[in-house]
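So this one's data25.pdb, PDB, C-alpha atoms:
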ATOM      1  CA  MET A   1       0.000   0.000   0.000  1.00  0.00           C
ATOM      2  CA  ALA A   2       1.122   3.548  -0.628  1.00  0.00           C
ATOM      3  CA  SER A   3       0.824   7.063   0.701  1.00  0.00           C
ATOM      4  CA  ALA A   4       2.165  10.379  -0.548  1.00  0.00           C
ATOM      5  CA  THR A   5       1.672  14.094   0.022  1.00  0.00           C
ATOM      6  CA  PHE A   6       2.609  17.102  -2.048  1.00  0.00           C
ATOM      7  CA  GLN A   7       1.832  20.807  -2.029  1.00  0.00           C
ATOM      8  CA  VAL A   8       0.031  22.043  -5.125  1.00  0.00           C
ATOM      9  CA  ALA A   9       2.172  24.609  -6.952  1.00  0.00           C
ATOM     10  CA  THR A  10       0.093  25.005 -10.141  1.00  0.00           C
ATOM     11  CA  TYR A  11      -3.150  23.759 -11.608  1.00  0.00           C
ATOM     12  CA  GLU A  12      -5.005  23.673 -14.884  1.00  0.00           C
ATOM     13  CA  TYR A  13      -8.487  22.611 -15.784  1.00  0.00           C
ATOM     14  CA  TYR A  14     -10.161  22.165 -19.103  1.00  0.00           C
ATOM     15  CA  ASP A  15     -13.263  20.951 -20.878  1.00  0.00           C
ATOM     16  CA  TRP A  16     -12.933  18.538 -23.763  1.00  0.00           C
ATOM     17  CA  SER A  17     -14.865  19.130 -26.958  1.00  0.00           C
ATOM     18  CA  SER A  18     -17.130  16.443 -28.408  1.00  0.00           C
ATOM     19  CA  ARG A  19     -16.866  13.928 -25.542  1.00  0.00           C
ATOM     20  CA  LYS A  20     -19.888  12.182 -24.100  1.00  0.00           C
ATOM     21  CA  THR A  21     -18.188  11.408 -20.763  1.00  0.00           C
ATOM     22  CA  GLY A  22     -15.072  12.627 -18.962  1.00  0.00           C
ATOM     23  CA  LYS A  23     -15.632  16.127 -20.286  1.00  0.00           C
ATOM     24  CA  THR A  24     -13.750  18.026 -17.579  1.00  0.00           C
ATOM     25  CA  ASN A  25     -10.308  17.404 -16.106  1.00  0.00           C
ATOM     26  CA  LEU A  26      -8.278  19.146 -13.423  1.00  0.00           C
ATOM     27  CA  ASN A  27      -4.528  18.646 -13.112  1.00  0.00           C
ATOM     28  CA  LEU A  28      -2.725  19.566  -9.908  1.00  0.00           C
ATOM     29  CA  ARG A  29       1.071  19.760 -10.023  1.00  0.00           C
ATOM     30  CA  GLY A  30       3.699  19.909  -7.310  1.00  0.00           C
ATOM     31  CA  ALA A  31       7.063  21.672  -7.530  1.00  0.00           C
ATOM     32  CA  GLY A  32       8.821  18.293  -7.573  1.00  0.00           C
ATOM     33  CA  GLY A  33       7.006  17.051 -10.679  1.00  0.00           C
ATOM     34  CA  GLU A  34       4.126  15.337  -8.857  1.00  0.00           C
ATOM     35  CA  THR A  35       0.758  15.274 -10.640  1.00  0.00           C
ATOM     36  CA  CYS A  36      -2.765  14.528  -9.533  1.00  0.00           C
ATOM     37  CA  SER A  37      -5.255  14.169 -12.376  1.00  0.00           C
ATOM     38  CA  VAL A  38      -8.795  14.754 -11.183  1.00  0.00           C
ATOM     39  CA  TRP A  39     -11.544  13.156 -13.260  1.00  0.00           C
ATOM     40  CA  PHE A  40     -15.154  14.259 -12.940  1.00  0.00           C
ATOM     41  CA  VAL A  41     -18.187  12.007 -13.215  1.00  0.00           C
ATOM     42  CA  GLU A  42     -21.338  13.688 -14.539  1.00  0.00           C
ATOM     43  CA  ASP A  43     -23.881  11.320 -12.937  1.00  0.00           C
ATOM     44  CA  PRO A  44     -24.369  12.571  -9.350  1.00  0.00           C
ATOM     45  CA  ALA A  45     -25.648   9.144  -8.256  1.00  0.00           C
ATOM     46  CA  ALA A  46     -22.728   7.191  -9.724  1.00  0.00           C
ATOM     47  CA  ASP A  47     -20.212   5.498  -7.481  1.00  0.00           C
ATOM     48  CA  LEU A  48     -16.761   7.013  -7.804  1.00  0.00           C
ATOM     49  CA  LYS A  49     -13.659   4.985  -8.524  1.00  0.00           C
ATOM     50  CA  ALA A  50     -11.131   4.915  -5.711  1.00  0.00           C
ATOM     51  CA  ALA A  51      -8.084   7.154  -6.030  1.00  0.00           C
ATOM     52  CA  TYR A  52      -5.057   5.242  -7.238  1.00  0.00           C
ATOM     53  CA  GLN A  53      -1.407   5.665  -8.091  1.00  0.00           C
ATOM     54  CA  VAL A  54      -0.971   5.641 -11.869  1.00  0.00           C
ATOM     55  CA  ALA A  55       2.837   5.802 -11.848  1.00  0.00           C
ATOM     56  CA  PRO A  56       5.520   7.154  -9.498  1.00  0.00           C
ATOM     57  CA  ASN A  57       4.453  10.685  -8.443  1.00  0.00           C
ATOM     58  CA  TYR A  58       1.266  10.487 -10.553  1.00  0.00           C
ATOM     59  CA  TYR A  59      -2.173   9.965  -9.007  1.00  0.00           C
ATOM     60  CA  ALA A  60      -5.755   9.801 -10.270  1.00  0.00           C
ATOM     61  CA  PHE A  61      -8.657  11.078  -8.149  1.00  0.00           C
ATOM     62  CA  TYR A  62     -12.383  10.980  -8.941  1.00  0.00           C
ATOM     63  CA  TYR A  63     -15.068  13.480  -7.948  1.00  0.00           C
ATOM     64  CA  HIS A  64     -18.615  14.224  -9.042  1.00  0.00           C
ATOM     65  CA  HIS A  65     -18.857  17.065 -11.555  1.00  0.00           C
ATOM     66  CA  SER A  66     -20.922  19.043  -9.041  1.00  0.00           C
ATOM     67  CA  GLN A  67     -17.765  19.335  -6.886  1.00  0.00           C
ATOM     68  CA  LEU A  68     -15.705  21.072  -9.584  1.00  0.00           C
ATOM     69  CA  GLN A  69     -16.658  24.628  -8.628  1.00  0.00           C
ATOM     70  CA  HIS A  70     -15.850  23.980  -4.972  1.00  0.00           C
ATOM     71  CA  LEU A  71     -12.389  22.642  -5.860  1.00  0.00           C
ATOM     72  CA  ILE A  72     -11.669  25.605  -8.171  1.00  0.00           C
ATOM     73  CA  ASP A  73     -12.778  27.991  -5.406  1.00  0.00           C
ATOM     74  CA  MET A  74     -10.394  26.291  -2.968  1.00  0.00           C
ATOM     75  CA  LEU A  75      -7.507  26.524  -5.438  1.00  0.00           C
ATOM     76  CA  ARG A  76      -8.166  30.211  -6.093  1.00  0.00           C
ATOM     77  CA  ASN A  77      -8.769  31.328  -2.523  1.00  0.00           C
ATOM     78  CA  GLU A  78      -6.830  29.117  -0.138  1.00  0.00           C
ATOM     79  CA  LYS A  79      -3.168  28.335   0.321  1.00  0.00           C
ATOM     80  CA  PRO A  80      -1.399  26.170   0.764  1.00  0.00           C
ATOM     81  CA  ILE A  81      -3.337  23.309  -0.846  1.00  0.00           C
ATOM     82  CA  TYR A  82      -2.124  19.731  -0.589  1.00  0.00           C
ATOM     83  CA  VAL A  83      -2.819  16.441  -2.298  1.00  0.00           C
ATOM     84  CA  PHE A  84      -2.901  13.565   0.167  1.00  0.00           C
ATOM     85  CA  PHE A  85      -2.880  10.119  -1.416  1.00  0.00           C
ATOM     86  CA  ASN A  86      -3.381   7.184   0.903  1.00  0.00           C
ATOM     87  CA  ASP A  87      -4.682   3.765  -0.025  1.00  0.00           C
ATOM     88  CA  ASP A  88      -3.368   1.955   3.073  1.00  0.00           C
ATOM     89  CA  GLY A  89      -5.712  -0.841   4.009  1.00  0.00           C
ATOM     90  CA  GLY A  90      -7.835  -0.230   0.928  1.00  0.00           C
ATOM     91  CA  LEU A  91      -9.657   2.674   2.599  1.00  0.00           C
ATOM     92  CA  PRO A  92     -10.555   5.796   0.562  1.00  0.00           C
ATOM     93  CA  ASN A  93      -8.426   8.281   2.501  1.00  0.00           C
ATOM     94  CA  SER A  94      -7.130  10.398  -0.378  1.00  0.00           C
ATOM     95  CA  ARG A  95      -8.068  14.059  -0.533  1.00  0.00           C
ATOM     96  CA  ILE A  96      -7.321  17.567  -1.767  1.00  0.00           C
ATOM     97  CA  SER A  97      -7.268  19.940   1.176  1.00  0.00           C
ATOM     98  CA  THR A  98      -5.809  22.729   3.196  1.00  0.00           C
ATOM     99  CA  THR A  99      -4.068  21.984   6.470  1.00  0.00           C
ATOM    100  CA  ASP A 100      -4.793  23.552   9.856  1.00  0.00           C
ATOM    101  CA  GLU A 101      -5.462  27.263   9.466  1.00  0.00           C
ATOM    102  CA  PRO A 102      -5.951  29.897  12.160  1.00  0.00           C
ATOM    103  CA  VAL A 103      -9.565  30.833  12.891  1.00  0.00           C
ATOM    104  CA  GLY A 104     -10.530  34.255  11.504  1.00  0.00           C
ATOM    105  CA  GLU A 105      -7.402  34.433   9.376  1.00  0.00           C
ATOM    106  CA  GLY A 106      -9.245  36.090   6.479  1.00  0.00           C
ATOM    107  CA  GLU A 107      -7.743  36.629   3.082  1.00  0.00           C
ATOM    108  CA  ILE A 108      -4.843  39.015   2.572  1.00  0.00           C
ATOM    109  CA  THR A 109      -5.770  41.892   0.257  1.00  0.00           C
TER     110      THR A 109
END
Let me see the structure of the file written as structure tokens.
Amino acid sequence: MASATFQVATYEYYDWSSRKTGKTNLNLRGAGGETCSVWFVEDPAADLKAAYQVAPNYYAFYYHHSQLQHLIDMLRNEKPIYVFFNDDGGLPNSRISTTDEPVGEGEIT
């Protein structure tokens, strides 16, 4: 089983033309060359595939398409953002998240 963590340095997202499924993708990249490809499932009732390691330093995560805007908002407005991959014991413990932040920190303007 494997686990890995990296801080997101850059991201890109895009919509494919002329696809019936898998129309939107989000790629999160770390400064050390790590990548997390996020695939979005359009059917809100569909079960999501478990996150998995595609290759060294390359991970695939799955979310419902309705979660895309929330993830983009997090990437635009929070920092730092981390990718946590963990499939120890076969449990779905992978996530994209912040870490502990002070209460009432607010955004710097």
For this file, the PyMOL selection byres ((chain A and resi 52) around 9) selects which residues, as a PDB file with C-alpha atoms, keeping the file's coordinate frame?
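Output file result14.pdb is given in full below:
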ATOM      1  CA  LYS A  49     -13.659   4.985  -8.524  1.00  0.00           C
ATOM      2  CA  ALA A  50     -11.131   4.915  -5.711  1.00  0.00           C
ATOM      3  CA  ALA A  51      -8.084   7.154  -6.030  1.00  0.00           C
ATOM      4  CA  GLN A  53      -1.407   5.665  -8.091  1.00  0.00           C
ATOM      5  CA  VAL A  54      -0.971   5.641 -11.869  1.00  0.00           C
ATOM      6  CA  TYR A  58       1.266  10.487 -10.553  1.00  0.00           C
ATOM      7  CA  TYR A  59      -2.173   9.965  -9.007  1.00  0.00           C
ATOM      8  CA  ALA A  60      -5.755   9.801 -10.270  1.00  0.00           C
ATOM      9  CA  PHE A  61      -8.657  11.078  -8.149  1.00  0.00           C
ATOM     10  CA  PHE A  85      -2.880  10.119  -1.416  1.00  0.00           C
ATOM     11  CA  ASN A  86      -3.381   7.184   0.903  1.00  0.00           C
ATOM     12  CA  ASP A  87      -4.682   3.765  -0.025  1.00  0.00           C
ATOM     13  CA  SER A  94      -7.130  10.398  -0.378  1.00  0.00           C
TER      14      SER A  94
END
**Message:** Give me, as a list in words, all polymer residues having an atom no more than 10 Å from segment 75-81 of chain A, counting all atoms listed in the file and skipping those fewer than 3 positions away in the same chain.
**Reply:**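 Listing them by chain and then by number gives Phe6, Gln7, Val8, Ala9, Thr10, Tyr11, Leu28, Gln69, His70, Leu71, Ile72, Phe84, Ile96, Ser97, Thr98, Thr99, Glu101, Gly106 and Glu107 of chain A.
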- [ ] Kindly give the distance, in Å, that separates atom CA of Tyr14 of chain A and atom CA of Trp39 of chain A, rounded to a single decimal.
- [x]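 It comes out at 10.8 Å.
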With 8 Å as the threshold, what does the neighbourhood of (-11.7, 12.6, -16.2) contain in terms of residues, counting all atoms listed in the file? Coordinates are those of the file; answer as an mmCIF file with C-alpha atoms, in the frame of the given file.
data_model
loop_
_atom_site.group_PDB
_atom_site.id
_atom_site.type_symbol
_atom_site.label_atom_id
_atom_site.label_comp_id
_atom_site.auth_asym_id
_atom_site.auth_seq_id
_atom_site.Cartn_x
_atom_site.Cartn_y
_atom_site.Cartn_z
ATOM 1 C CA GLY A 22 -15.072 12.627 -18.962
ATOM 2 C CA LYS A 23 -15.632 16.127 -20.286
ATOM 3 C CA THR A 24 -13.750 18.026 -17.579
ATOM 4 C CA ASN A 25 -10.308 17.404 -16.106
ATOM 5 C CA LEU A 26 -8.278 19.146 -13.423
ATOM 6 C CA SER A 37 -5.255 14.169 -12.376
ATOM 7 C CA VAL A 38 -8.795 14.754 -11.183
ATOM 8 C CA TRP A 39 -11.544 13.156 -13.260
ATOM 9 C CA PHE A 40 -15.154 14.259 -12.940
ATOM 10 C CA VAL A 41 -18.187 12.007 -13.215
ATOM 11 C CA TYR A 62 -12.383 10.980 -8.941
#
Practice prompt. Mind giving me the straight-line distance from atom CA of Pro56 of chain A to atom CA of Asn27 of chain A in Å, one decimal?
Written response: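 Atom CA of Pro56 of chain A sits 15.7 Å away from atom CA of Asn27 of chain A.
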Practice problem: Find the distance between atom CA of Asp15 of chain A and atom CA of Asp47 of chain A and write it in Å to one decimal. | Solution: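 Going from atom CA of Asp15 of chain A over to atom CA of Asp47 of chain A covers 21.6 Å.
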- prompt: Which of these, A:Ala55, A:Cys36, A:Ala31, A:Ala46, has the shortest distance to Glu12 of chain A once you count all atoms listed in the file?
  reply: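 Closest residue, counting all atoms listed in the file: A:Cys36.
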With the PyMOL selection byres ((chain A and resi 44) around 10) as the selection, what would be picked from this file? Answer as a PDB file with C-alpha atoms, in the frame of the given file, please.
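File produced: expr-v1.pdb:
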ATOM      1  CA  VAL A  41     -18.187  12.007 -13.215  1.00  0.00           C
ATOM      2  CA  GLU A  42     -21.338  13.688 -14.539  1.00  0.00           C
ATOM      3  CA  ASP A  43     -23.881  11.320 -12.937  1.00  0.00           C
ATOM      4  CA  ALA A  45     -25.648   9.144  -8.256  1.00  0.00           C
ATOM      5  CA  ALA A  46     -22.728   7.191  -9.724  1.00  0.00           C
ATOM      6  CA  ASP A  47     -20.212   5.498  -7.481  1.00  0.00           C
ATOM      7  CA  LEU A  48     -16.761   7.013  -7.804  1.00  0.00           C
ATOM      8  CA  TYR A  63     -15.068  13.480  -7.948  1.00  0.00           C
ATOM      9  CA  HIS A  64     -18.615  14.224  -9.042  1.00  0.00           C
ATOM     10  CA  HIS A  65     -18.857  17.065 -11.555  1.00  0.00           C
ATOM     11  CA  SER A  66     -20.922  19.043  -9.041  1.00  0.00           C
ATOM     12  CA  GLN A  67     -17.765  19.335  -6.886  1.00  0.00           C
TER      13      GLN A  67
END
* Asked: For Ala4 of chain A, which of A:Arg29, A:Pro102, A:Pro92, A:Tyr82 is the closest residue, counting only C-alpha atoms?
  ->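 Nearest to Ala4 of chain A: A:Tyr82.
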Kindly indicate which residue among A:Leu68, A:Met74, A:Val103, A:Ala2 lies nearest to Asp88 of chain A, using all atoms listed in the file for the distances.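 Smallest distance to Asp88 of chain A is found for A:Ala2.
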Of A:Asp73, A:Ser3, A:Gly32, A:Thr21, the one nearest to Leu91 of chain A when counting only C-alpha atoms is A:Ser3
Can you give me N, CA, C and O atoms for segment 92-105 of chain A, written as a PDB file, in the coordinates of the input?
ATOM      1  N   PRO A  92     -10.615   4.592   1.395  1.00  0.00           N
ATOM      2  CA  PRO A  92     -10.555   5.796   0.562  1.00  0.00           C
ATOM      3  C   PRO A  92     -10.175   7.031   1.382  1.00  0.00           C
ATOM      4  O   PRO A  92     -11.025   7.820   1.756  1.00  0.00           O
ATOM      5  N   ASN A  93      -8.900   7.175   1.673  1.00  0.00           N
ATOM      6  CA  ASN A  93      -8.426   8.281   2.501  1.00  0.00           C
ATOM      7  C   ASN A  93      -7.666   9.344   1.723  1.00  0.00           C
ATOM      8  O   ASN A  93      -6.911  10.110   2.307  1.00  0.00           O
ATOM      9  N   SER A  94      -7.812   9.387   0.424  1.00  0.00           N
ATOM     10  CA  SER A  94      -7.130  10.398  -0.378  1.00  0.00           C
ATOM     11  C   SER A  94      -7.991  11.656  -0.433  1.00  0.00           C
ATOM     12  O   SER A  94      -9.216  11.584  -0.402  1.00  0.00           O
ATOM     13  N   ARG A  95      -7.308  12.817  -0.516  1.00  0.00           N
ATOM     14  CA  ARG A  95      -8.068  14.059  -0.533  1.00  0.00           C
ATOM     15  C   ARG A  95      -7.224  15.215  -1.073  1.00  0.00           C
ATOM     16  O   ARG A  95      -6.010  15.140  -1.123  1.00  0.00           O
ATOM     17  N   ILE A  96      -7.916  16.288  -1.412  1.00  0.00           N
ATOM     18  CA  ILE A  96      -7.321  17.567  -1.767  1.00  0.00           C
ATOM     19  C   ILE A  96      -7.781  18.516  -0.673  1.00  0.00           C
ATOM     20  O   ILE A  96      -8.982  18.655  -0.442  1.00  0.00           O
ATOM     21  N   SER A  97      -6.840  19.152   0.025  1.00  0.00           N
ATOM     22  CA  SER A  97      -7.268  19.940   1.176  1.00  0.00           C
ATOM     23  C   SER A  97      -6.248  20.993   1.589  1.00  0.00           C
ATOM     24  O   SER A  97      -5.108  20.990   1.138  1.00  0.00           O
ATOM     25  N   THR A  98      -6.713  21.847   2.480  1.00  0.00           N
ATOM     26  CA  THR A  98      -5.809  22.729   3.196  1.00  0.00           C
ATOM     27  C   THR A  98      -5.290  21.937   4.388  1.00  0.00           C
ATOM     28  O   THR A  98      -5.679  20.792   4.593  1.00  0.00           O
ATOM     29  N   THR A  99      -4.460  22.561   5.192  1.00  0.00           N
ATOM     30  CA  THR A  99      -4.068  21.984   6.470  1.00  0.00           C
ATOM     31  C   THR A  99      -4.641  22.913   7.543  1.00  0.00           C
ATOM     32  O   THR A  99      -5.400  23.823   7.233  1.00  0.00           O
ATOM     33  N   ASP A 100      -4.268  22.704   8.780  1.00  0.00           N
ATOM     34  CA  ASP A 100      -4.793  23.552   9.856  1.00  0.00           C
ATOM     35  C   ASP A 100      -4.526  25.023   9.554  1.00  0.00           C
ATOM     36  O   ASP A 100      -3.400  25.409   9.229  1.00  0.00           O
ATOM     37  N   GLU A 101      -5.584  25.833   9.667  1.00  0.00           N
ATOM     38  CA  GLU A 101      -5.462  27.263   9.466  1.00  0.00           C
ATOM     39  C   GLU A 101      -6.005  27.978  10.690  1.00  0.00           C
ATOM     40  O   GLU A 101      -6.937  27.497  11.322  1.00  0.00           O
ATOM     41  N   PRO A 102      -5.447  29.134  11.020  1.00  0.00           N
ATOM     42  CA  PRO A 102      -5.951  29.897  12.160  1.00  0.00           C
ATOM     43  C   PRO A 102      -7.391  30.353  11.923  1.00  0.00           C
ATOM     44  O   PRO A 102      -7.760  30.714  10.808  1.00  0.00           O
ATOM     45  N   VAL A 103      -8.196  30.342  12.968  1.00  0.00           N
ATOM     46  CA  VAL A 103      -9.565  30.833  12.891  1.00  0.00           C
ATOM     47  C   VAL A 103      -9.543  32.332  12.643  1.00  0.00           C
ATOM     48  O   VAL A 103      -8.715  33.048  13.220  1.00  0.00           O
ATOM     49  N   GLY A 104     -10.426  32.816  11.765  1.00  0.00           N
ATOM     50  CA  GLY A 104     -10.530  34.255  11.504  1.00  0.00           C
ATOM     51  C   GLY A 104      -9.355  34.825  10.757  1.00  0.00           C
ATOM     52  O   GLY A 104      -9.158  36.037  10.759  1.00  0.00           O
ATOM     53  N   GLU A 105      -8.588  33.978  10.094  1.00  0.00           N
ATOM     54  CA  GLU A 105      -7.402  34.433   9.376  1.00  0.00           C
ATOM     55  C   GLU A 105      -7.759  35.433   8.296  1.00  0.00           C
ATOM     56  O   GLU A 105      -7.054  36.413   8.080  1.00  0.00           O
TER      57      GLU A 105
END
